[in-house]
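Enquirer: Contents of input.csv (CSV, C-alpha atoms):
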chain,number,residue,atom,x,y,z
A,1,MET,CA,-60.2,56.6,56.8
A,2,ARG,CA,-59.1,58.4,59.9
A,3,PHE,CA,-57.0,60.8,57.8
A,4,ARG,CA,-60.0,61.5,55.5
A,5,SER,CA,-62.3,62.2,58.4
A,6,ILE,CA,-59.8,64.7,59.9
A,7,LEU,CA,-59.6,66.6,56.6
A,8,LEU,CA,-63.4,66.7,56.1
A,9,THR,CA,-63.9,67.9,59.7
A,10,THR,CA,-61.4,70.7,59.2
A,11,ALA,CA,-63.0,71.8,56.0
A,12,LEU,CA,-66.6,71.8,57.4
A,13,THR,CA,-65.7,73.6,60.6
A,14,ALA,CA,-63.5,76.3,58.9
A,15,ALA,CA,-65.7,77.0,55.9
A,16,PRO,CA,-68.3,79.2,57.7
A,17,VAL,CA,-65.7,81.7,58.9
A,18,VAL,CA,-63.9,82.2,55.6
A,19,ALA,CA,-65.0,85.1,53.5
A,20,SER,CA,-63.5,84.3,50.2
A,21,ALA,CA,-61.1,81.9,48.4
A,22,THR,CA,-57.4,82.4,48.2
A,23,THR,CA,-55.6,83.2,44.9
A,24,ILE,CA,-52.1,81.8,45.2
A,25,THR,CA,-49.2,84.2,44.5
A,26,GLY,CA,-45.7,82.8,45.0
A,27,PRO,CA,-44.5,79.4,46.3
A,28,TYR,CA,-46.6,76.6,47.7
A,29,VAL,CA,-46.4,72.9,48.7
A,30,ASP,CA,-49.0,70.3,48.2
A,31,VAL,CA,-49.4,66.7,49.5
A,32,GLY,CA,-52.2,64.2,49.2
A,33,GLY,CA,-53.2,60.5,49.2
A,34,GLY,CA,-56.2,58.4,48.4
A,35,TYR,CA,-57.7,55.5,46.4
A,36,ASN,CA,-56.0,54.2,43.3
A,37,LEU,CA,-58.1,52.1,40.8
A,38,VAL,CA,-56.3,50.6,37.8
A,39,GLN,CA,-58.3,49.4,34.8
A,40,ASP,CA,-57.9,45.9,33.4
A,41,GLN,CA,-54.8,45.4,31.2
A,42,HIS,CA,-54.5,43.0,28.3
A,43,VAL,CA,-51.2,41.2,28.1
A,44,HIS,CA,-49.6,39.1,25.3
A,45,ALA,CA,-46.5,37.0,25.9
A,46,ASN,CA,-43.9,36.4,23.2
A,47,THR,CA,-42.8,32.9,22.5
A,48,PRO,CA,-40.2,31.8,25.0
A,49,ALA,CA,-37.0,30.1,24.0
A,50,ASN,CA,-38.3,26.6,24.7
A,51,GLY,CA,-41.2,27.1,22.3
A,52,ALA,CA,-43.9,26.6,24.9
A,53,ALA,CA,-47.4,27.7,24.3
A,54,VAL,CA,-47.9,31.5,24.8
A,55,PRO,CA,-51.0,32.7,26.7
A,56,LYS,CA,-53.0,35.9,26.3
A,57,PHE,CA,-54.6,37.1,29.4
A,58,SER,CA,-56.0,40.2,31.2
A,59,LEU,CA,-54.7,41.5,34.6
A,60,ARG,CA,-57.5,42.7,36.9
A,61,HIS,CA,-56.5,45.0,39.6
A,62,ASN,CA,-58.1,45.1,43.0
A,63,THR,CA,-57.6,47.6,45.9
A,64,GLY,CA,-54.8,50.2,45.8
A,65,PHE,CA,-53.6,53.5,47.0
A,66,THR,CA,-51.7,56.6,45.7
A,67,GLY,CA,-49.7,59.4,47.2
A,68,PHE,CA,-48.0,62.5,45.9
A,69,GLY,CA,-46.1,65.6,46.9
A,70,SER,CA,-45.5,68.7,44.9
A,71,PHE,CA,-43.8,72.1,45.0
A,72,GLY,CA,-45.2,74.9,42.8
A,73,TRP,CA,-45.6,78.6,42.1
A,74,GLY,CA,-48.7,80.6,41.8
A,75,PHE,CA,-48.7,83.6,39.4
A,76,GLY,CA,-51.5,85.5,41.2
A,77,ASN,CA,-53.9,85.3,38.2
A,78,GLY,CA,-55.2,81.8,38.7
A,79,LEU,CA,-52.3,80.0,36.9
A,80,ARG,CA,-50.0,77.7,38.7
A,81,ALA,CA,-47.1,75.5,37.7
A,82,GLU,CA,-45.6,72.7,39.8
A,83,VAL,CA,-43.3,69.7,39.9
A,84,GLU,CA,-44.8,66.5,41.4
A,85,GLY,CA,-43.5,63.2,42.8
A,86,ASN,CA,-46.0,60.4,42.4
A,87,TYR,CA,-46.4,56.8,43.8
A,88,ASN,CA,-49.1,54.3,43.0
A,89,PHE,CA,-49.8,50.8,44.3
A,90,SER,CA,-52.4,48.1,43.6
A,91,HIS,CA,-53.1,44.4,44.2
A,92,VAL,CA,-53.3,42.1,41.2
A,93,ASN,CA,-55.5,39.4,42.6
A,94,PHE,CA,-59.0,39.8,41.3
A,95,GLY,CA,-59.4,37.1,38.7
A,96,ALA,CA,-56.8,37.8,36.0
A,97,HIS,CA,-58.2,35.1,33.6
A,98,TYR,CA,-56.0,33.0,31.3
A,99,ILE,CA,-57.3,33.2,27.7
A,100,GLY,CA,-54.9,30.9,25.9
A,101,PRO,CA,-55.0,27.1,25.7
A,102,GLY,CA,-54.5,25.1,28.9
A,103,GLN,CA,-55.6,25.9,32.4
A,104,ALA,CA,-57.3,29.0,33.8
A,105,GLY,CA,-56.8,30.6,37.1
A,106,GLY,CA,-56.3,33.9,39.0
A,107,TYR,CA,-53.1,35.8,38.9
A,108,HIS,CA,-52.1,37.5,42.1
A,109,ASN,CA,-49.5,39.7,43.8
A,110,THR,CA,-48.9,43.4,43.5
A,111,ASP,CA,-47.7,46.1,41.1
A,112,GLU,CA,-46.6,49.7,41.6
A,113,SER,CA,-45.6,52.7,39.7
A,114,TYR,CA,-43.6,55.8,40.6
A,115,GLY,CA,-42.2,58.9,38.9
A,116,ALA,CA,-42.6,62.6,38.4
A,117,PHE,CA,-44.8,65.0,36.5
A,118,VAL,CA,-44.7,68.7,35.6
A,119,ASN,CA,-48.3,70.1,35.9
A,120,VAL,CA,-50.0,73.3,34.8
A,121,LEU,CA,-53.2,74.2,36.7
A,122,TYR,CA,-55.7,77.0,36.7
A,123,ASP,CA,-57.7,78.1,39.8
A,124,ILE,CA,-61.2,79.3,39.0
A,125,ASP,CA,-62.0,82.4,41.1
A,126,LEU,CA,-65.7,82.2,41.8
A,127,LYS,CA,-65.8,85.9,42.6
A,128,HIS,CA,-65.7,86.6,38.8
A,129,PHE,CA,-69.2,85.0,38.7
A,130,GLY,CA,-70.5,87.0,41.7
A,131,ILE,CA,-70.0,84.1,44.2
A,132,ASN,CA,-68.1,84.9,47.4
A,133,SER,CA,-67.1,81.4,48.6
A,134,PRO,CA,-64.1,79.7,50.4
A,135,VAL,CA,-64.1,77.1,47.6
A,136,THR,CA,-61.8,77.4,44.6
A,137,PRO,CA,-62.3,74.8,41.8
A,138,PHE,CA,-59.3,74.0,39.7
A,139,LEU,CA,-58.3,72.1,36.5
A,140,GLY,CA,-54.9,70.9,35.4
A,141,VAL,CA,-52.9,68.7,33.0
A,142,GLY,CA,-49.5,67.2,33.4
A,143,GLY,CA,-46.8,65.2,31.6
A,144,GLY,CA,-44.0,63.2,33.0
A,145,TYR,CA,-42.3,59.8,33.4
A,146,LEU,CA,-43.5,56.7,35.3
A,147,TRP,CA,-41.7,53.5,36.1
A,148,GLN,CA,-44.0,50.4,36.2
A,149,ARG,CA,-43.0,47.5,38.4
A,150,TYR,CA,-44.7,44.0,38.6
A,151,ASN,CA,-43.8,42.0,41.7
A,152,ASN,CA,-43.8,38.3,40.7
A,153,VAL,CA,-47.4,38.2,39.4
A,154,THR,CA,-48.0,34.5,39.0
A,155,ASN,CA,-50.8,32.1,38.1
A,156,SER,CA,-52.1,30.4,41.3
A,157,GLN,CA,-52.7,27.1,39.4
A,158,MET,CA,-49.2,26.9,37.9
A,159,LYS,CA,-46.1,25.6,39.5
A,160,PRO,CA,-43.5,28.1,40.8
A,161,SER,CA,-41.4,27.4,37.8
A,162,GLY,CA,-44.2,28.3,35.4
A,163,TYR,CA,-45.3,31.6,34.0
A,164,ALA,CA,-44.7,34.8,36.1
A,165,ILE,CA,-44.4,38.5,35.3
A,166,ASN,CA,-41.6,40.4,36.9
A,167,GLY,CA,-39.5,43.5,36.1
A,168,THR,CA,-39.5,47.3,35.9
A,169,ASN,CA,-39.6,49.6,33.0
A,170,GLY,CA,-40.4,53.3,32.5
A,171,GLY,CA,-42.0,55.5,29.9
A,172,PHE,CA,-44.0,58.6,29.2
A,173,ALA,CA,-47.2,59.3,31.2
A,174,TRP,CA,-49.8,62.0,31.3
A,175,GLN,CA,-52.6,63.0,33.7
A,176,GLY,CA,-55.7,65.1,33.9
A,177,ILE,CA,-56.7,66.8,37.2
A,178,VAL,CA,-60.1,68.1,38.4
A,179,GLY,CA,-60.5,69.3,42.0
A,180,ALA,CA,-61.4,72.0,44.5
A,181,ALA,CA,-59.5,73.7,47.4
A,182,ILE,CA,-61.3,74.9,50.5
A,183,ASP,CA,-59.8,77.6,52.7
A,184,THR,CA,-59.4,76.5,56.4
A,185,GLY,CA,-59.3,79.9,57.9
A,186,LEU,CA,-55.6,79.5,58.7
A,187,PRO,CA,-53.5,81.8,56.5
A,188,GLY,CA,-52.3,79.9,53.4
A,189,LEU,CA,-53.7,76.5,54.4
A,190,GLN,CA,-56.2,74.8,52.2
A,191,VAL,CA,-57.9,71.3,52.1
A,192,THR,CA,-58.0,69.8,48.6
A,193,ALA,CA,-60.2,67.1,47.1
A,194,GLN,CA,-59.5,65.9,43.5
A,195,TYR,CA,-59.9,63.3,40.9
A,196,ARG,CA,-57.0,62.3,38.6
A,197,MET,CA,-56.7,60.1,35.6
A,198,ILE,CA,-53.2,58.9,34.7
A,199,GLY,CA,-52.6,57.4,31.3
A,200,GLN,CA,-49.6,55.5,30.0
A,201,PRO,CA,-49.6,54.3,26.3
A,202,GLY,CA,-48.9,50.6,25.8
A,203,SER,CA,-46.2,51.4,23.3
A,204,PHE,CA,-44.1,52.7,26.1
A,205,MET,CA,-44.3,49.4,28.0
A,206,ASP,CA,-44.0,46.8,25.2
A,207,GLY,CA,-41.2,44.3,25.8
A,208,ALA,CA,-40.6,45.7,29.3
A,209,TYR,CA,-41.2,42.6,31.5
A,210,GLN,CA,-39.5,39.3,31.7
A,211,TYR,CA,-42.1,36.5,31.2
A,212,GLY,CA,-41.4,33.0,32.5
A,213,THR,CA,-38.2,31.3,33.2
A,214,ASP,CA,-37.1,31.0,29.6
A,215,GLY,CA,-36.6,34.6,28.9
A,216,GLY,CA,-39.7,35.6,27.0
A,217,HIS,CA,-41.4,39.0,27.3
A,218,ALA,CA,-44.9,40.3,28.1
A,219,ASN,CA,-46.3,43.1,26.1
A,220,PHE,CA,-48.9,45.3,27.8
A,221,ASP,CA,-51.6,47.6,26.3
A,222,GLN,CA,-52.3,51.1,27.6
A,223,ARG,CA,-52.7,51.6,31.4
A,224,TRP,CA,-55.3,53.8,33.1
A,225,ASN,CA,-55.3,54.9,36.7
A,226,HIS,CA,-58.3,56.5,38.3
A,227,GLN,CA,-57.5,58.2,41.6
A,228,PHE,CA,-59.6,59.9,44.3
A,229,ILE,CA,-57.5,62.0,46.5
A,230,LEU,CA,-57.7,64.2,49.7
A,231,GLY,CA,-54.8,66.5,50.6
A,232,LEU,CA,-53.4,69.6,52.2
A,233,ARG,CA,-51.9,72.6,50.4
A,234,TYR,CA,-49.9,75.5,52.0
A,235,ALA,CA,-49.2,78.7,50.2
A,236,PHE,CA,-46.4,80.8,51.6
A,237,ASP,CA,-47.4,84.4,52.2
A,238,THR,CA,-45.7,86.4,49.5
A,239,ALA,CA,-47.6,89.6,50.1
A,240,PRO,CA,-45.0,92.4,50.6
A,241,PRO,CA,-44.6,93.5,54.3
A,242,ALA,CA,-45.7,96.9,55.4
A,243,PRO,CA,-43.3,99.4,54.0
A,244,PRO,CA,-40.7,100.8,56.5
A,245,ALA,CA,-40.9,104.3,57.7
A,246,PRO,CA,-39.1,106.6,55.2
A,247,PRO,CA,-35.5,107.6,56.2
A,248,PRO,CA,-35.0,111.2,57.3
A,249,PRO,CA,-33.8,113.4,54.5
A,250,PRO,CA,-30.2,114.6,54.4
A,251,ALA,CA,-29.4,117.4,56.8
A,252,ALA,CA,-28.7,119.8,54.0
A,253,ARG,CA,-32.2,119.4,52.6
A,254,PRO,CA,-35.4,120.7,54.3
A,255,VAL,CA,-37.5,118.0,55.9
A,256,VAL,CA,-40.6,117.4,53.8
A,257,ALA,CA,-43.3,115.5,55.6
A,258,PRO,CA,-45.8,113.5,53.6
A,259,ALA,CA,-49.1,115.2,53.2
A,260,PRO,CA,-51.7,113.9,55.6
A,261,LEU,CA,-54.4,111.6,54.2
A,262,PRO,CA,-58.0,112.7,54.1
A,263,ALA,CA,-60.4,111.2,56.5
A,264,ARG,CA,-61.7,107.8,55.6
A,265,SER,CA,-58.8,107.0,53.3
A,266,TYR,CA,-57.2,103.6,52.5
A,267,LEU,CA,-53.9,102.8,50.9
A,268,VAL,CA,-53.3,99.8,48.7
A,269,PHE,CA,-49.7,99.0,47.8
A,270,PHE,CA,-48.4,97.1,44.7
A,271,ASP,CA,-45.3,95.1,43.7
A,272,TRP,CA,-43.0,96.8,41.2
A,273,ASP,CA,-44.4,97.0,37.7
A,274,LYS,CA,-47.5,95.1,38.8
A,275,TYR,CA,-51.2,96.0,39.0
A,276,THR,CA,-52.5,92.7,40.4
A,277,LEU,CA,-53.8,92.7,44.0
A,278,THR,CA,-52.0,90.8,46.7
A,279,THR,CA,-53.9,89.0,49.4
A,280,ARG,CA,-53.2,91.9,51.8
A,281,ALA,CA,-54.4,94.4,49.2
A,282,ARG,CA,-57.7,92.5,48.7
A,283,GLN,CA,-58.2,92.7,52.5
A,284,ILE,CA,-57.7,96.5,52.5
A,285,VAL,CA,-60.1,96.9,49.6
A,286,ALA,CA,-62.7,94.8,51.4
A,287,GLU,CA,-62.3,97.0,54.5
A,288,ALA,CA,-62.9,100.1,52.4
A,289,ALA,CA,-66.0,98.5,50.8
A,290,GLN,CA,-67.4,97.6,54.2
A,291,ALA,CA,-66.7,101.1,55.6
A,292,SER,CA,-68.7,102.6,52.6
A,293,THR,CA,-71.8,100.9,53.9
A,294,HIS,CA,-71.5,102.4,57.4
A,295,VAL,CA,-71.2,106.0,56.4
A,296,ARG,CA,-73.1,108.2,54.0
A,297,VAL,CA,-70.9,108.0,50.9
A,298,THR,CA,-71.8,110.0,47.8
A,299,ARG,CA,-68.6,109.3,45.9
A,300,ILE,CA,-65.5,107.1,46.1
A,301,GLU,CA,-62.3,108.4,44.6
A,302,VAL,CA,-59.7,105.8,43.5
A,303,ASN,CA,-56.3,107.4,42.5
A,304,GLY,CA,-53.4,105.3,41.1
A,305,TYR,CA,-49.7,106.2,41.4
A,306,THR,CA,-46.3,104.7,40.6
A,307,ASP,CA,-42.8,105.4,41.8
A,308,ASN,CA,-40.4,107.2,39.4
A,309,SER,CA,-38.7,104.0,38.2
A,310,ALA,CA,-40.0,102.5,34.9
A,311,ALA,CA,-40.0,99.1,33.2
A,312,ARG,CA,-39.2,100.9,30.0
A,313,PRO,CA,-36.2,103.1,29.4
A,314,GLY,CA,-36.1,106.7,28.1
A,315,PRO,CA,-38.8,109.2,27.6
A,316,ALA,CA,-41.4,106.5,27.2
A,317,GLY,CA,-41.0,105.6,30.9
A,318,GLN,CA,-43.3,108.4,32.2
A,319,LYS,CA,-46.0,107.6,29.7
A,320,TYR,CA,-45.7,103.9,30.6
A,321,ASN,CA,-46.0,104.7,34.3
A,322,LEU,CA,-49.1,106.9,33.7
A,323,GLY,CA,-50.8,103.9,32.0
A,324,LEU,CA,-49.7,101.6,34.9
A,325,SER,CA,-51.2,103.9,37.5
A,326,ILE,CA,-54.5,103.8,35.6
A,327,ARG,CA,-54.4,100.0,35.4
A,328,ARG,CA,-53.8,99.9,39.2
A,329,ALA,CA,-56.8,102.1,39.8
A,330,LYS,CA,-59.0,100.0,37.5
A,331,SER,CA,-57.9,96.8,39.4
A,332,VAL,CA,-59.0,98.3,42.7
A,333,LYS,CA,-62.3,99.5,41.3
A,334,ALA,CA,-63.0,96.0,39.9
A,335,GLU,CA,-62.3,94.6,43.4
A,336,LEU,CA,-64.6,97.2,45.0
A,337,VAL,CA,-67.4,96.2,42.6
A,338,ARG,CA,-66.9,92.5,43.4
A,339,ASP,CA,-67.2,93.5,47.1
A,340,GLY,CA,-70.6,95.0,46.5
A,341,VAL,CA,-69.8,98.7,45.8
A,342,PRO,CA,-71.9,100.2,43.0
A,343,ALA,CA,-69.6,101.1,40.0
A,344,SER,CA,-71.5,104.4,39.5
A,345,VAL,CA,-70.2,105.9,42.7
A,346,ILE,CA,-66.5,105.1,41.9
A,347,ASP,CA,-64.3,107.6,40.0
A,348,ILE,CA,-60.8,106.5,39.0
A,349,HIS,CA,-57.7,108.6,38.2
A,350,GLY,CA,-54.1,107.8,37.2
A,351,TYR,CA,-51.3,110.2,38.1
A,352,GLY,CA,-48.2,108.2,37.2
A,353,GLU,CA,-45.1,109.5,39.0
A,354,ALA,CA,-46.8,112.7,40.2
A,355,HIS,CA,-47.6,113.3,43.9
A,356,PRO,CA,-45.2,110.8,45.5
A,357,LEU,CA,-46.0,109.8,49.1
A,358,VAL,CA,-42.2,109.7,49.8
A,359,PRO,CA,-39.9,112.1,47.9
A,360,THR,CA,-37.0,110.2,46.3
A,361,GLY,CA,-34.2,110.8,43.8
A,362,PRO,CA,-34.7,109.9,40.1
A,363,ASN,CA,-35.3,106.3,39.0
A,364,THR,CA,-35.9,105.0,42.5
A,365,ARG,CA,-38.0,102.0,43.4
A,366,GLU,CA,-40.0,103.2,46.4
A,367,PRO,CA,-42.7,100.8,47.7
A,368,GLN,CA,-44.8,103.5,49.3
A,369,ASN,CA,-45.2,105.4,46.0
A,370,ARG,CA,-46.5,102.3,44.2
A,371,ARG,CA,-50.0,102.7,45.5
A,372,VAL,CA,-53.7,103.3,45.0
A,373,GLU,CA,-55.5,105.7,47.4
A,374,ILE,CA,-59.2,105.0,48.1
A,375,ILE,CA,-61.0,108.1,49.4
A,376,LEU,CA,-64.6,108.0,50.7
A,377,HIS,CA,-66.4,111.3,50.1
In structure tokens, what does this structure look like?

Expert:
Amino acid sequence: MRFRSILLTTALTAAPVVASATTITGPYVDVGGGYNLVQDQHVHANTPANGAAVPKFSLRHNTGFTGFGSFGWGFGNGLRAEVEGNYNFSHVNFGAHYIGPGQAGGYHNTDESYGAFVNVLYDIDLKHFGINSPVTPFLGVGGGYLWQRYNNVTNSQMKPSGYAINGTNGGFAWQGIVGAAIDTGLPGLQVTAQYRMIGQPGSFMDGAYQYGTDGGHANFDQRWNHQFILGLRYAFDTAPPAPPAPPPPPAARPVVAPAPLPARSYLVFFDWDKYTLTTRARQIVAEAAQASTHVRVTRIEVNGYTDNSAARPGPAGQKYNLGLSIRRAKSVKAELVRDGVPASVIDIHGYGEAHPLVPTGPNTREPQNRRVEIILH
């Protein structure tokens, strides 16, 4: 409860100062824990070697908890993939009633499960719906392997030598995930709240557990875990650093200084062969949009460029780069519109490899030439 209160307090105090949600690009880590509720399971015991009567009963689970840790990668477009380690625990002491002939009573002790999942998730950017919020809802599915372990679950009205369920066995498991992440105001750090449902088909657990002292087995039907989790997620900053100053040209060549930028100009840089905006790029576009409201702007010019390297070889490279520069300009225009700039005042142009900010030799990957220039007229 104390951990949960800290997380909620962090989210509520940080939310008012965060302008918009974070789209994860690159590596991140995620940890969380919370309440684990396991649905009733029906169990049927095979006849033991001594031919004793075989009961049918249901196991009823009481309080429990869960915890997980994961490492993942965000692709910058809302999609994420991750590998997760998972642990679940619950008490089996809430009236697991004997159904067969003989005496009835409560079964008690504990069970646990542990294993790993591979998850695919999608973050829903609310800015696409015109909502500027620090909250990012997400959905996900995962598949993996869980080991189930029952720790001497016995009937309280039977002798110690009577029926008991022990043992460990593993099998396929899947999960569905629904949640939301809240930016804390600290770069890369988010608070998460989520619901998970983990399923494990009964066919993967049949015959897995020793039953009684005579070597029989207990066969279980499907298992369902319902989990309510709070956690923390940290995305490592993968935005490219500010480009270094260009090296001086060789002594034999004349020094060519980059052309000065017009007044009220902004530069947005891109990764090689990419037109998606990094976190830093979104901040620069937001600054340009904010500045356009403080001066009398009649037109905003958005010009896209590439360096002279190309993802496609041969003569098609220049044509490909021209299209890439236009896609970069369109990406910046879309972000300006999301930040409140009317689309009617924005003109976009794509110049491909032309007009480099830094002169280079052929087929050179130059970060300062992979850019979009925003000019406020």

Enquirer: To one decimal place in Å, what is the distance between atom CA of A:Asp40 and atom CA of A:Trp224?

Expert: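 The value is 8.3 Å.
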
Enquirer: Rounded to one decimal in Å, what is the spacing between atom CA of A:His44 and atom CA of A:Glu112?

Expert: 19.7 Å

Enquirer: Go through A:Tyr351, A:Val337, A:Asn77, A:Gln39 and flag the residue nearest A:Gly199, using only C-alpha atoms for the distances.

Expert: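 Once distances to A:Gly199 are computed over only C-alpha atoms, the minimum belongs to A:Gln39.
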
Enquirer: To one decimal in Å, tell me the separation between atom CA of A:Thr364 and atom CA of A:Ser309.

Expert: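 Atom-to-atom, atom CA of A:Thr364 and atom CA of A:Ser309 are spaced 5.2 Å apart.
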
Enquirer: Measuring atom to atom with all atoms listed in the file, identify which of A:Asp183, A:Phe172, A:Ala235, A:Asn151 is nearest to A:Gly74.

Expert: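 For A:Gly74, the nearest of the candidates is A:Ala235.
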
Enquirer: With all atoms listed in the file as the basis for distance, which of A:Leu126, A:Ala291, A:Val83, A:Leu232 is at the shortest distance from A:Leu189?

Expert: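 Once distances to A:Leu189 are computed over all atoms listed in the file, the minimum belongs to A:Leu232.
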
Enquirer: Restricting the calculation to all atoms listed in the file, which member of A:Gly202, A:Pro362, A:Gly34, A:Gly352 is positioned closest to A:Thr63?

Expert: A:Gly34

Enquirer: Find the residues near A:His42: any atom within 7 Å, counting all atoms listed in the file, skip ones fewer than 3 places away on the same chain, and give them as a ChimeraX atom specification.

Expert: /A:57-59,220-221

Enquirer: Quick one: residues within 7 Å of A:Gly142, only C-alpha atoms counted, chain neighbours fewer than 4 positions away excluded, as a PDB file with C-alpha atoms, keeping the file's coordinate frame?

Expert:
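The result, stored in selection.pdb:
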ATOM      1  CA  PHE A 117     -44.800  65.000  36.500  1.00  0.00           C
ATOM      2  CA  VAL A 118     -44.700  68.700  35.600  1.00  0.00           C
ATOM      3  CA  ASN A 119     -48.300  70.100  35.900  1.00  0.00           C
ATOM      4  CA  VAL A 120     -50.000  73.300  34.800  1.00  0.00           C
ATOM      5  CA  TRP A 174     -49.800  62.000  31.300  1.00  0.00           C
ATOM      6  CA  GLN A 175     -52.600  63.000  33.700  1.00  0.00           C
ATOM      7  CA  GLY A 176     -55.700  65.100  33.900  1.00  0.00           C
TER       8      GLY A 176
END

Enquirer: Here is a test: counting only C-alpha atoms, which residue of A:Val191, A:Ile131, A:Leu139, A:Ile124 is nearest to A:Val31?

Expert: A:Val191

Enquirer: Considering only C-alpha atoms, state which residue in the set A:Val372, A:Leu336, A:Met197, A:Ile348 is at the smallest distance from A:Glu287.

Expert: A:Leu336

Enquirer: Contacts of A:Arg233 at 10 Å or less, counting only C-alpha atoms, minus same-chain residues fewer than 3 places along, as a JSON list (two decimals) with C-alpha atoms, in the coordinates of the input?

Expert:
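Done, and the output landed in part00.json:
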[["chain", "number", "residue", "atom", "x", "y", "z"],
["A", 28, "TYR", "CA", -46.60, 76.60, 47.70],
["A", 29, "VAL", "CA", -46.40, 72.90, 48.70],
["A", 30, "ASP", "CA", -49.00, 70.30, 48.20],
["A", 31, "VAL", "CA", -49.40, 66.70, 49.50],
["A", 32, "GLY", "CA", -52.20, 64.20, 49.20],
["A", 69, "GLY", "CA", -46.10, 65.60, 46.90],
["A", 70, "SER", "CA", -45.50, 68.70, 44.90],
["A", 71, "PHE", "CA", -43.80, 72.10, 45.00],
["A", 181, "ALA", "CA", -59.50, 73.70, 47.40],
["A", 182, "ILE", "CA", -61.30, 74.90, 50.50],
["A", 183, "ASP", "CA", -59.80, 77.60, 52.70],
["A", 188, "GLY", "CA", -52.30, 79.90, 53.40],
["A", 189, "LEU", "CA", -53.70, 76.50, 54.40],
["A", 190, "GLN", "CA", -56.20, 74.80, 52.20],
["A", 191, "VAL", "CA", -57.90, 71.30, 52.10],
["A", 192, "THR", "CA", -58.00, 69.80, 48.60],
["A", 236, "PHE", "CA", -46.40, 80.80, 51.60]]

Enquirer: I'd like the contact shell of stretch 283-286 of chain A - 8 Å cut-off, all atoms listed in the file, skipping same-chain residues fewer than 3 positions apart - returned as a list of chain:residue names.

Expert: A:Tyr266, A:Leu267, A:Val268, A:Thr279, A:Arg280, A:Ala289, A:Gln290, A:Val332, A:Glu335, A:Leu336, A:Asp339

Enquirer: Complete the atom set of stretch 357-372 of chain A to N, CA and C atoms and return it as a CSV table (one decimal), in the frame of the given file.

Expert:
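Contents of out.csv, as written:
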chain,number,residue,atom,x,y,z
A,357,LEU,N,-45.8,109.8,47.6
A,357,LEU,CA,-46.0,109.8,49.1
A,357,LEU,C,-44.7,110.1,49.8
A,358,VAL,N,-43.6,109.6,49.2
A,358,VAL,CA,-42.2,109.7,49.8
A,358,VAL,C,-41.3,110.3,48.7
A,359,PRO,N,-40.8,111.5,48.9
A,359,PRO,CA,-39.9,112.1,47.9
A,359,PRO,C,-38.6,111.3,47.8
A,360,THR,N,-38.2,111.0,46.5
A,360,THR,CA,-37.0,110.2,46.3
A,360,THR,C,-36.2,110.9,45.1
A,361,GLY,N,-35.0,110.4,44.9
A,361,GLY,CA,-34.2,110.8,43.8
A,361,GLY,C,-34.8,110.1,42.5
A,362,PRO,N,-34.2,110.4,41.3
A,362,PRO,CA,-34.7,109.9,40.1
A,362,PRO,C,-34.5,108.4,40.0
A,363,ASN,N,-35.4,107.7,39.3
A,363,ASN,CA,-35.3,106.3,39.0
A,363,ASN,C,-35.1,105.4,40.3
A,364,THR,N,-36.0,105.7,41.2
A,364,THR,CA,-35.9,105.0,42.5
A,364,THR,C,-37.2,104.1,42.7
A,365,ARG,N,-36.9,102.9,43.1
A,365,ARG,CA,-38.0,102.0,43.4
A,365,ARG,C,-38.5,102.2,44.9
A,366,GLU,N,-39.5,102.9,45.1
A,366,GLU,CA,-40.0,103.2,46.4
A,366,GLU,C,-41.4,102.5,46.6
A,367,PRO,N,-41.5,101.5,47.5
A,367,PRO,CA,-42.7,100.8,47.7
A,367,PRO,C,-43.9,101.6,48.1
A,368,GLN,N,-43.7,102.7,48.9
A,368,GLN,CA,-44.8,103.5,49.3
A,368,GLN,C,-45.4,104.4,48.2
A,369,ASN,N,-44.6,104.6,47.2
A,369,ASN,CA,-45.2,105.4,46.0
A,369,ASN,C,-45.9,104.5,45.0
A,370,ARG,N,-45.8,103.2,45.1
A,370,ARG,CA,-46.5,102.3,44.2
A,370,ARG,C,-47.8,102.0,44.9
A,371,ARG,N,-48.8,102.8,44.7
A,371,ARG,CA,-50.0,102.7,45.5
A,371,ARG,C,-51.3,103.1,44.8
A,372,VAL,N,-52.4,102.8,45.4
A,372,VAL,CA,-53.7,103.3,45.0
A,372,VAL,C,-54.3,103.8,46.3
